[in-house]
file final_0.tsv (TSV, C-alpha atoms and all ligand atoms)
chain	number	residue	atom	x	y	z
A	11	MET	CA	0.00	0.00	0.00
A	12	ARG	CA	1.48	3.35	-1.02
A	13	LYS	CA	1.29	6.05	1.63
A	14	PRO	CA	-0.69	9.06	0.34
A	15	PHE	CA	1.47	12.09	-0.44
A	16	VAL	CA	-0.04	15.58	-0.50
A	17	ALA	CA	2.07	18.63	-1.31
A	18	ALA	CA	1.37	22.36	-1.38
A	19	ASN	CA	3.05	24.24	-4.21
A	20	TRP	CA	2.79	27.88	-3.25
A	21	LYS	CA	4.49	29.11	-6.43
A	22	MET	CA	5.32	32.85	-6.10
A	23	HIS	CA	3.01	33.50	-3.15
A	24	LYS	CA	3.51	34.36	0.54
A	25	THR	CA	6.21	36.36	2.30
A	26	VAL	CA	8.22	34.68	5.07
A	27	ALA	CA	5.86	36.14	7.69
A	28	GLU	CA	2.82	34.87	5.79
A	29	ALA	CA	4.39	31.43	5.49
A	30	VAL	CA	4.97	31.28	9.25
A	31	ASP	CA	1.38	32.40	9.90
A	32	PHE	CA	0.18	29.60	7.63
A	33	ALA	CA	2.23	27.07	9.61
A	34	SER	CA	0.71	28.22	12.92
A	35	ALA	CA	-2.81	27.90	11.55
A	36	PHE	CA	-2.24	24.68	9.60
A	37	THR	CA	-0.40	22.43	12.04
A	38	PRO	CA	-3.24	22.15	14.60
A	39	LEU	CA	-5.60	21.14	11.80
A	40	VAL	CA	-3.50	18.10	10.79
A	41	HIS	CA	-1.83	17.16	14.08
A	42	THR	CA	-3.56	13.76	14.19
A	43	VAL	CA	-2.69	12.88	10.59
A	44	THR	CA	0.15	10.36	10.49
A	45	ASP	CA	-1.04	8.30	7.54
A	46	VAL	CA	-0.37	10.95	4.86
A	47	ASP	CA	3.01	12.43	3.89
A	48	ILE	CA	2.43	16.20	4.00
A	49	VAL	CA	4.79	18.55	2.18
A	50	VAL	CA	4.87	22.33	1.73
A	51	ALA	CA	6.87	24.03	-1.05
A	52	PRO	CA	7.18	27.75	-0.30
A	53	SER	CA	9.45	30.30	-1.98
A	54	PHE	CA	13.18	29.76	-1.42
A	55	LEU	CA	13.21	32.63	1.08
A	56	ALA	CA	10.66	30.95	3.35
A	57	LEU	CA	12.31	27.50	3.35
A	58	PRO	CA	14.39	27.85	6.57
A	59	ALA	CA	11.50	29.38	8.54
A	60	LEU	CA	9.14	26.62	7.45
A	61	VAL	CA	11.66	23.87	8.17
A	62	GLU	CA	11.84	25.28	11.67
A	63	SER	CA	8.10	25.56	12.24
A	64	LEU	CA	6.99	22.35	10.49
A	65	ALA	CA	9.71	19.79	11.29
A	66	GLU	CA	8.39	19.00	14.77
A	67	HIS	CA	5.00	18.27	13.17
A	68	LYS	CA	6.59	15.80	10.74
A	69	ILE	CA	5.65	18.00	7.80
A	70	GLN	CA	8.37	18.13	5.19
A	71	VAL	CA	9.48	21.12	3.18
A	72	ALA	CA	10.27	21.15	-0.54
A	73	ALA	CA	11.99	23.58	-2.88
A	74	GLN	CA	10.08	24.50	-6.04
A	75	ASN	CA	13.17	24.16	-8.19
A	76	VAL	CA	16.85	23.35	-7.83
A	77	SER	CA	20.06	23.58	-9.83
A	78	ALA	CA	21.71	20.41	-11.09
A	79	GLU	CA	25.08	22.12	-10.63
A	80	PRO	CA	26.89	21.72	-7.32
A	81	GLN	CA	28.20	25.32	-7.18
A	82	GLY	CA	29.73	28.03	-9.29
A	83	ALA	CA	28.91	31.00	-11.49
A	84	PHE	CA	25.18	30.41	-11.97
A	85	THR	CA	23.53	33.69	-11.05
A	86	GLY	CA	20.16	33.29	-9.40
A	87	GLU	CA	20.41	29.52	-8.88
A	88	ILE	CA	20.16	27.50	-5.66
A	89	SER	CA	22.20	24.32	-5.14
A	90	LEU	CA	21.25	21.03	-3.53
A	91	GLY	CA	23.97	21.58	-0.94
A	92	MET	CA	22.32	24.86	0.08
A	93	LEU	CA	18.93	23.17	0.37
A	94	GLN	CA	20.37	20.30	2.36
A	95	ALA	CA	22.11	22.67	4.76
A	96	SER	CA	18.75	24.36	5.38
A	97	GLY	CA	16.99	21.07	6.17
A	98	VAL	CA	15.01	20.87	2.94
A	99	GLN	CA	14.16	17.27	2.03
A	100	LEU	CA	12.49	17.42	-1.37
A	101	ALA	CA	12.51	19.40	-4.62
A	102	ILE	CA	9.82	19.88	-7.26
A	103	ILE	CA	11.39	19.35	-10.68
A	104	GLY	CA	10.08	20.16	-14.15
A	105	HIS	CA	6.85	21.90	-13.15
A	106	SER	CA	4.98	22.88	-16.31
A	107	GLU	CA	5.44	26.56	-15.45
A	108	ARG	CA	9.21	26.01	-15.42
A	109	ARG	CA	8.99	24.12	-18.70
A	110	GLN	CA	6.71	26.66	-20.41
A	111	LEU	CA	7.94	29.96	-18.98
A	112	PHE	CA	11.60	29.22	-18.25
A	113	GLY	CA	12.51	26.80	-21.04
A	114	GLU	CA	13.16	23.68	-18.98
A	115	THR	CA	13.67	20.56	-21.05
A	116	ASP	CA	13.36	16.85	-20.37
A	117	GLY	CA	17.17	16.71	-20.41
A	118	GLY	CA	17.33	19.39	-17.76
A	119	VAL	CA	14.71	17.56	-15.71
A	120	ASN	CA	16.85	14.44	-15.95
A	121	ALA	CA	20.00	16.24	-14.74
A	122	LYS	CA	18.14	17.80	-11.81
A	123	THR	CA	16.41	14.54	-10.88
A	124	ARG	CA	19.69	12.60	-10.84
A	125	ALA	CA	21.48	15.31	-8.86
A	126	THR	CA	18.61	15.49	-6.35
A	127	LEU	CA	18.64	11.73	-5.78
A	128	ASP	CA	22.43	11.71	-5.51
A	129	ALA	CA	22.18	14.39	-2.81
A	130	GLY	CA	19.69	12.26	-0.86
A	131	LEU	CA	16.69	14.52	-1.44
A	132	THR	CA	13.39	13.34	-2.92
A	133	PRO	CA	12.46	14.65	-6.37
A	134	ILE	CA	8.83	15.38	-7.21
A	135	VAL	CA	9.03	15.08	-10.98
A	136	CYS	CA	6.20	16.82	-12.86
A	137	VAL	CA	4.81	15.60	-16.17
A	138	GLY	CA	1.68	16.43	-18.12
A	139	GLU	CA	0.28	17.30	-21.52
A	140	THR	CA	-1.01	20.63	-22.85
A	141	LEU	CA	-4.56	21.06	-24.12
A	142	ASP	CA	-3.35	20.94	-27.75
A	143	GLU	CA	-1.49	17.71	-27.07
A	144	ARG	CA	-4.56	16.15	-25.43
A	145	GLU	CA	-6.88	17.23	-28.24
A	146	ALA	CA	-4.46	15.82	-30.80
A	147	GLU	CA	-4.54	12.52	-28.83
A	148	HIS	CA	-0.83	12.76	-28.04
A	149	THR	CA	-1.22	12.58	-24.25
A	150	PHE	CA	0.35	9.15	-23.84
A	151	ASP	CA	3.21	9.94	-26.24
A	152	VAL	CA	4.02	13.10	-24.31
A	153	LEU	CA	3.92	11.28	-20.98
A	154	ASN	CA	6.11	8.48	-22.34
A	155	ARG	CA	8.69	10.98	-23.56
A	156	GLN	CA	8.70	12.93	-20.32
A	157	ILE	CA	9.15	9.74	-18.28
A	158	ASP	CA	11.69	8.12	-20.62
A	159	GLU	CA	13.87	11.22	-20.94
A	160	GLY	CA	13.23	12.76	-17.51
A	161	LEU	CA	14.02	9.55	-15.64
A	162	SER	CA	16.66	8.21	-18.03
A	163	GLY	CA	19.49	6.30	-16.35
A	164	LEU	CA	17.80	5.95	-12.97
A	165	THR	CA	17.87	2.63	-11.14
A	166	PRO	CA	14.65	0.88	-10.10
A	167	ALA	CA	15.54	1.66	-6.47
A	168	GLN	CA	15.73	5.38	-7.29
A	169	VAL	CA	12.34	5.25	-9.01
A	170	THR	CA	10.90	3.75	-5.84
A	171	GLU	CA	12.11	6.82	-3.93
A	172	LEU	CA	10.82	9.57	-6.16
A	173	VAL	CA	7.33	10.97	-6.62
A	174	VAL	CA	5.80	11.57	-10.07
A	175	ALA	CA	3.26	14.39	-10.31
A	176	TYR	CA	0.81	14.15	-13.19
A	177	GLU	CA	-0.28	17.71	-13.87
A	178	PRO	CA	-2.23	18.18	-17.10
A	179	VAL	CA	-1.28	21.71	-18.13
A	180	TRP	CA	-4.86	22.55	-19.11
A	181	ALA	CA	-6.03	21.89	-15.54
A	182	ILE	CA	-3.45	24.06	-13.75
A	183	GLY	CA	-4.87	27.25	-12.30
A	184	THR	CA	-7.84	27.05	-14.66
A	185	GLY	CA	-10.46	25.62	-12.32
A	186	LYS	CA	-10.81	22.87	-14.93
A	187	VAL	CA	-10.00	19.69	-13.04
A	188	ALA	CA	-9.35	16.39	-14.80
A	189	THR	CA	-12.22	13.99	-14.19
A	190	PRO	CA	-11.33	11.09	-11.89
A	191	ASP	CA	-11.50	8.86	-14.99
A	192	GLN	CA	-9.06	11.07	-16.91
A	193	ALA	CA	-6.66	11.23	-13.96
A	194	ASP	CA	-6.89	7.51	-13.32
A	195	GLU	CA	-6.28	6.68	-16.97
A	196	ALA	CA	-3.16	8.86	-17.11
A	197	HIS	CA	-1.85	7.51	-13.80
A	198	ARG	CA	-2.36	3.92	-14.93
A	199	HIS	CA	-0.54	4.72	-18.14
A	200	LEU	CA	2.34	6.32	-16.25
A	201	ARG	CA	2.62	3.32	-13.93
A	202	GLY	CA	2.65	1.00	-16.92
A	203	GLN	CA	5.39	3.06	-18.52
A	204	LEU	CA	7.43	2.96	-15.30
A	205	ALA	CA	6.90	-0.82	-15.14
A	206	SER	CA	8.11	-1.36	-18.69
A	207	THR	CA	11.31	0.62	-18.07
A	208	PHE	CA	12.10	0.00	-14.41
A	209	GLY	CA	10.17	-3.18	-13.58
A	210	GLN	CA	6.90	-3.88	-11.83
A	211	THR	CA	8.29	-3.64	-8.28
A	212	ALA	CA	9.55	-0.09	-8.75
A	213	ALA	CA	6.37	0.95	-10.59
A	214	THR	CA	4.16	-0.45	-7.85
A	215	ALA	CA	6.12	1.38	-5.14
A	216	CYS	CA	6.40	4.76	-6.89
A	217	ARG	CA	3.83	7.31	-5.83
A	218	ILE	CA	2.03	9.11	-8.65
A	219	ILE	CA	0.14	12.18	-7.48
A	220	TYR	CA	-2.33	14.39	-9.36
A	221	GLY	CA	-2.14	18.18	-9.72
A	222	GLY	CA	-4.42	20.66	-11.43
A	223	SER	CA	-7.26	22.54	-9.69
A	224	VAL	CA	-7.45	20.14	-6.74
A	225	LYS	CA	-9.90	21.57	-4.19
A	226	PRO	CA	-11.53	20.26	-1.01
A	227	ALA	CA	-14.67	19.56	-3.05
A	228	ASN	CA	-13.00	17.28	-5.60
A	229	ALA	CA	-10.09	15.81	-3.62
A	230	ALA	CA	-11.82	12.75	-2.17
A	231	GLU	CA	-13.12	11.58	-5.53
A	232	LEU	CA	-9.72	11.92	-7.18
A	233	MET	CA	-7.90	10.27	-4.28
A	234	GLY	CA	-10.42	7.43	-4.34
A	235	ARG	CA	-8.89	6.12	-7.56
A	236	ALA	CA	-6.50	3.21	-7.18
A	237	ASP	CA	-3.56	4.76	-9.01
A	238	VAL	CA	-3.93	8.30	-7.64
A	239	ASP	CA	-1.62	8.41	-4.62
A	240	GLY	CA	-2.02	12.01	-3.56
A	241	ALA	CA	-2.09	15.57	-4.82
A	242	LEU	CA	0.11	18.52	-5.74
A	243	VAL	CA	-2.00	21.53	-4.87
A	244	GLY	CA	-1.52	25.11	-6.04
A	245	GLY	CA	-4.21	27.71	-5.32
A	246	ALA	CA	-6.16	25.70	-2.76
A	247	SER	CA	-3.02	25.12	-0.67
A	248	LEU	CA	-2.61	28.81	0.15
A	249	ASP	CA	-5.39	28.65	2.71
A	250	PRO	CA	-4.64	26.46	5.77
A	251	THR	CA	-8.21	25.22	6.16
A	252	SER	CA	-8.66	24.24	2.54
A	253	PHE	CA	-5.24	22.53	2.37
A	254	ALA	CA	-6.01	20.66	5.60
A	255	GLU	CA	-9.32	19.48	4.10
A	256	ILE	CA	-7.47	18.12	1.07
A	257	VAL	CA	-4.99	16.32	3.34
A	258	THR	CA	-7.86	14.81	5.32
A	259	ALA	CA	-9.65	13.73	2.15
A	260	SER	CA	-6.50	11.84	1.15
A	261	ARG	CA	-6.29	9.71	4.29
A	262	PRO	CA	-6.51	5.99	3.51
A	263	GLY	CA	-9.54	5.55	5.77
A	264	ASP	CA	-11.34	8.43	4.11
A	265	ARG	CA	-10.81	7.31	0.55
A	301	LIG	P1	-3.62	24.71	-9.09
A	301	LIG	O1	-3.99	23.78	-7.97
A	301	LIG	O2	-3.67	26.16	-8.69
A	301	LIG	O3	-4.38	24.40	-10.34
A	301	LIG	O4	-2.07	24.45	-9.42
A	301	LIG	C1	-1.65	23.14	-9.63
A	301	LIG	C2	-0.18	23.13	-9.67
A	301	LIG	O5	0.43	23.61	-10.60
A	301	LIG	C3	0.54	22.51	-8.55
A	301	LIG	O6	1.88	22.34	-8.83
call {"tool": "encode", "arguments": {"input": "final_0.tsv", "output": "structure tokens"}}
result
Amino acid sequence: MRKPFVAANWKMHKTVAEAVDFASAFTPLVHTVTDVDIVVAPSFLALPALVESLAEHKIQVAAQNVSAEPQGAFTGEISLGMLQASGVQLAIIGHSERRQLFGETDGGVNAKTRATLDAGLTPIVCVGETLDEREAEHTFDVLNRQIDEGLSGLTPAQVTELVVAYEPVWAIGTGKVATPDQADEAHRHLRGQLASTFGQTAATACRIIYGGSVKPANAAELMGRADVDGALVGGASLDPTSFAEIVTASRPGDR
């Protein structure tokens, strides 16, 4: 049984003070939840403050991006060593906004994923098709390419460790959520693709989470699907109550 995994991706929202306020309001709402891995990905600036306020509640903190380079003349970049030194345990890699707005490629995703695993952090690797790709019936081809190239060279054991986030680009920030059938179909496909490359054991262990307009009202139905192991939540994670409701809806007993 895969443990549900629910992560907040705050994108470019919340100052450090706002992040700390969120933590104070959120932690009492989920203090009894031990059967879901809960993760918050704030801006880089808020990472140390959130590590400090969330660690004792067993809530992990993720970066929204990371450099594959260990150090050097890379203006504006943040290294894995810096994240590690600040107590950060995970990194989101290849979010569609990074791919679309900042030119990230599958090759870049691969370099970051390998470096993140080598550093002992957990990558949350994002994949997903655009609306044009879905309408042209290229969804599975796009997912296959993103998995094959993004995870190229990984061992089955490494695939067991990472988290794949299926985020159809047309559902991100649009209020247009994938139906549970659409999500389930894509997740099953992704798991099949992982199985064909890395073997059934790794594919069965790897958590595949859904992202794209997840809200308290639709979370339980999405999480109820066998291959949907959690959620990567944007807008609805900014409010402590609504994010706590999504976490609760993802608990094994509640699904
Ligand atoms: P929304 O939940 O705001 O659609 O964002 C999803 C997302 O991109 C999470 O990474």
call {"tool": "closest_residue", "arguments": {"input": "final_0.tsv", "among": "A:Gly202, A:Gly130, A:Pro190, A:Gly183", "to": "ligand LIG 301 (chain A)", "atoms": "all atoms listed in the file"}}
result
A:Gly183
call {"tool": "closest_atom_pairs", "arguments": {"input": "final_0.tsv", "of": "chain A", "to": "ligand LIG 301 (chain A)", "cutoff": "8 Å", "atoms": "all atoms listed in the file", "output": "tab-separated table"}}
result
residue	atom	partner	partner_atom	distance
A:Ala18	CA	A:LIG301	C3	7.2
A:Asn19	CA	A:LIG301	O6	5.1
A:Trp20	CA	A:LIG301	C3	7.9
A:Lys21	CA	A:LIG301	O6	7.6
A:His105	CA	A:LIG301	O6	6.6
A:Ser106	CA	A:LIG301	O5	7.3
A:Glu107	CA	A:LIG301	O5	7.6
A:Glu177	CA	A:LIG301	O5	6.8
A:Val179	CA	A:LIG301	O5	8.0
A:Ala181	CA	A:LIG301	O3	6.0
A:Ile182	CA	A:LIG301	O3	3.6
A:Gly183	CA	A:LIG301	O3	3.5
A:Thr184	CA	A:LIG301	O3	6.1
A:Gly185	CA	A:LIG301	O3	6.5
A:Val187	CA	A:LIG301	O3	7.8
A:Gly221	CA	A:LIG301	C1	5.0
A:Gly222	CA	A:LIG301	O3	3.9
A:Ser223	CA	A:LIG301	O3	3.5
A:Val224	CA	A:LIG301	O1	5.2
A:Lys225	CA	A:LIG301	O1	7.4
A:Leu242	CA	A:LIG301	C3	4.9
A:Val243	CA	A:LIG301	O1	4.3
A:Gly244	CA	A:LIG301	O1	3.4
A:Gly245	CA	A:LIG301	O2	3.7
A:Ala246	CA	A:LIG301	O1	6.0
A:Ser247	CA	A:LIG301	O1	7.5
call {"tool": "closest_residue", "arguments": {"input": "final_0.tsv", "among": "A:Glu159, A:Thr189, A:Ala72, A:Glu79", "to": "A:Leu131", "atoms": "all atoms listed in the file"}}
result
A:Ala72
call {"tool": "residues_around", "arguments": {"input": "final_0.tsv", "residues": "stretch 250-252 of chain A", "least_positions_apart": "6", "cutoff": "12 Å", "atoms": "all atoms listed in the file", "output": "list in words"}}
result
Ala18, Trp20, Glu28, Ala29, Val30, Asp31, Phe32, Ala33, Ser34, Ala35, Phe36, Thr37, Pro38, Leu39, Val40, Val50, Val224, Lys225, Pro226, Ala227, Asn228, Ala229, Val243, Gly244, Thr258 and Ala259 of chain A
call {"tool": "atom_distance", "arguments": {"input": "final_0.tsv", "atom1": "atom CA of A:Thr44", "atom2": "atom CA of A:Ala241"}}
result
16.3 Å
call {"tool": "closest_residue", "arguments": {"input": "final_0.tsv", "among": "A:Gly160, A:Ala213, A:Leu55, A:Val173", "to": "A:Ala17", "atoms": "all atoms listed in the file"}}
result
A:Val173
call {"tool": "decode", "arguments": {"input": "final_0.tsv", "residues": "stretch 50-62 of chain A", "atoms": "all heavy atoms", "output": "mmCIF file, in the first residue's frame"}}
result
data_model
loop_
_atom_site.group_PDB
_atom_site.id
_atom_site.type_symbol
_atom_site.label_atom_id
_atom_site.label_comp_id
_atom_site.auth_asym_id
_atom_site.auth_seq_id
_atom_site.Cartn_x
_atom_site.Cartn_y
_atom_site.Cartn_z
ATOM 1 N N VAL A 50 5.159 20.949 2.142
ATOM 2 C CA VAL A 50 4.868 22.329 1.728
ATOM 3 C C VAL A 50 6.068 22.862 0.952
ATOM 4 O O VAL A 50 7.213 22.750 1.411
ATOM 5 C CB VAL A 50 4.576 23.231 2.948
ATOM 6 C CG1 VAL A 50 4.303 24.670 2.489
ATOM 7 C CG2 VAL A 50 3.385 22.709 3.746
ATOM 8 N N ALA A 51 5.803 23.436 -0.225
ATOM 9 C CA ALA A 51 6.867 24.026 -1.049
ATOM 10 C C ALA A 51 6.643 25.536 -1.149
ATOM 11 O O ALA A 51 5.874 26.009 -1.982
ATOM 12 C CB ALA A 51 6.871 23.393 -2.443
ATOM 13 N N PRO A 52 7.305 26.290 -0.273
ATOM 14 C CA PRO A 52 7.179 27.750 -0.304
ATOM 15 C C PRO A 52 8.239 28.348 -1.232
ATOM 16 O O PRO A 52 8.961 27.610 -1.899
ATOM 17 C CB PRO A 52 7.472 28.124 1.151
ATOM 18 C CG PRO A 52 8.530 27.136 1.544
ATOM 19 C CD PRO A 52 8.228 25.851 0.784
ATOM 20 N N SER A 53 8.357 29.668 -1.237
ATOM 21 C CA SER A 53 9.455 30.296 -1.980
ATOM 22 C C SER A 53 10.781 29.907 -1.308
ATOM 23 O O SER A 53 10.796 29.498 -0.139
ATOM 24 C CB SER A 53 9.306 31.821 -1.939
ATOM 25 O OG SER A 53 9.713 32.293 -0.669
ATOM 26 N N PHE A 54 11.869 30.083 -2.012
ATOM 27 C CA PHE A 54 13.182 29.763 -1.424
ATOM 28 C C PHE A 54 13.403 30.527 -0.114
ATOM 29 O O PHE A 54 13.945 29.989 0.850
ATOM 30 C CB PHE A 54 14.311 30.121 -2.399
ATOM 31 C CG PHE A 54 14.492 29.104 -3.502
ATOM 32 C CD1 PHE A 54 14.298 29.447 -4.827
ATOM 33 C CD2 PHE A 54 14.879 27.804 -3.200
ATOM 34 C CE1 PHE A 54 14.473 28.518 -5.838
ATOM 35 C CE2 PHE A 54 15.064 26.868 -4.206
ATOM 36 C CZ PHE A 54 14.851 27.226 -5.526
ATOM 37 N N LEU A 55 12.960 31.801 -0.096
ATOM 38 C CA LEU A 55 13.215 32.635 1.084
ATOM 39 C C LEU A 55 12.576 32.071 2.342
ATOM 40 O O LEU A 55 13.107 32.223 3.434
ATOM 41 C CB LEU A 55 12.664 34.049 0.839
ATOM 42 C CG LEU A 55 13.490 34.937 -0.076
ATOM 43 C CD1 LEU A 55 12.753 36.248 -0.324
ATOM 44 C CD2 LEU A 55 14.847 35.218 0.555
ATOM 45 N N ALA A 56 11.403 31.433 2.181
ATOM 46 C CA ALA A 56 10.664 30.951 3.353
ATOM 47 C C ALA A 56 11.062 29.535 3.763
ATOM 48 O O ALA A 56 10.547 29.015 4.757
ATOM 49 C CB ALA A 56 9.165 31.022 3.071
ATOM 50 N N LEU A 57 11.975 28.902 3.029
ATOM 51 C CA LEU A 57 12.312 27.504 3.350
ATOM 52 C C LEU A 57 12.838 27.332 4.780
ATOM 53 O O LEU A 57 12.309 26.504 5.526
ATOM 54 C CB LEU A 57 13.326 26.950 2.333
ATOM 55 C CG LEU A 57 12.772 26.620 0.931
ATOM 56 C CD1 LEU A 57 13.919 26.354 -0.040
ATOM 57 C CD2 LEU A 57 11.831 25.424 0.979
ATOM 58 N N PRO A 58 13.855 28.094 5.212
ATOM 59 C CA PRO A 58 14.385 27.847 6.569
ATOM 60 C C PRO A 58 13.327 28.059 7.654
ATOM 61 O O PRO A 58 13.232 27.265 8.590
ATOM 62 C CB PRO A 58 15.519 28.868 6.698
ATOM 63 C CG PRO A 58 15.889 29.220 5.292
ATOM 64 C CD PRO A 58 14.638 29.118 4.483
ATOM 65 N N ALA A 59 12.527 29.105 7.521
ATOM 66 C CA ALA A 59 11.505 29.379 8.544
ATOM 67 C C ALA A 59 10.484 28.246 8.598
ATOM 68 O O ALA A 59 10.033 27.848 9.679
ATOM 69 C CB ALA A 59 10.809 30.702 8.248
ATOM 70 N N LEU A 60 10.127 27.705 7.450
ATOM 71 C CA LEU A 60 9.135 26.617 7.450
ATOM 72 C C LEU A 60 9.740 25.313 7.945
ATOM 73 O O LEU A 60 9.073 24.539 8.631
ATOM 74 C CB LEU A 60 8.536 26.418 6.061
ATOM 75 C CG LEU A 60 7.370 27.344 5.719
ATOM 76 C CD1 LEU A 60 6.627 26.836 4.504
ATOM 77 C CD2 LEU A 60 6.402 27.515 6.877
ATOM 78 N N VAL A 61 11.003 25.066 7.609
ATOM 79 C CA VAL A 61 11.657 23.868 8.166
ATOM 80 C C VAL A 61 11.573 23.943 9.691
ATOM 81 O O VAL A 61 11.212 22.975 10.363
ATOM 82 C CB VAL A 61 13.126 23.765 7.701
ATOM 83 C CG1 VAL A 61 13.888 22.734 8.526
ATOM 84 C CG2 VAL A 61 13.200 23.413 6.213
ATOM 85 N N GLU A 62 11.852 25.123 10.217
ATOM 86 C CA GLU A 62 11.845 25.276 11.667
ATOM 87 C C GLU A 62 10.449 25.087 12.261
ATOM 88 O O GLU A 62 10.279 24.429 13.277
ATOM 89 C CB GLU A 62 12.384 26.658 12.024
ATOM 90 C CG GLU A 62 12.584 26.798 13.511
ATOM 91 C CD GLU A 62 13.408 28.022 13.865
ATOM 92 O OE1 GLU A 62 14.283 28.406 13.063
ATOM 93 O OE2 GLU A 62 13.159 28.576 14.931
#
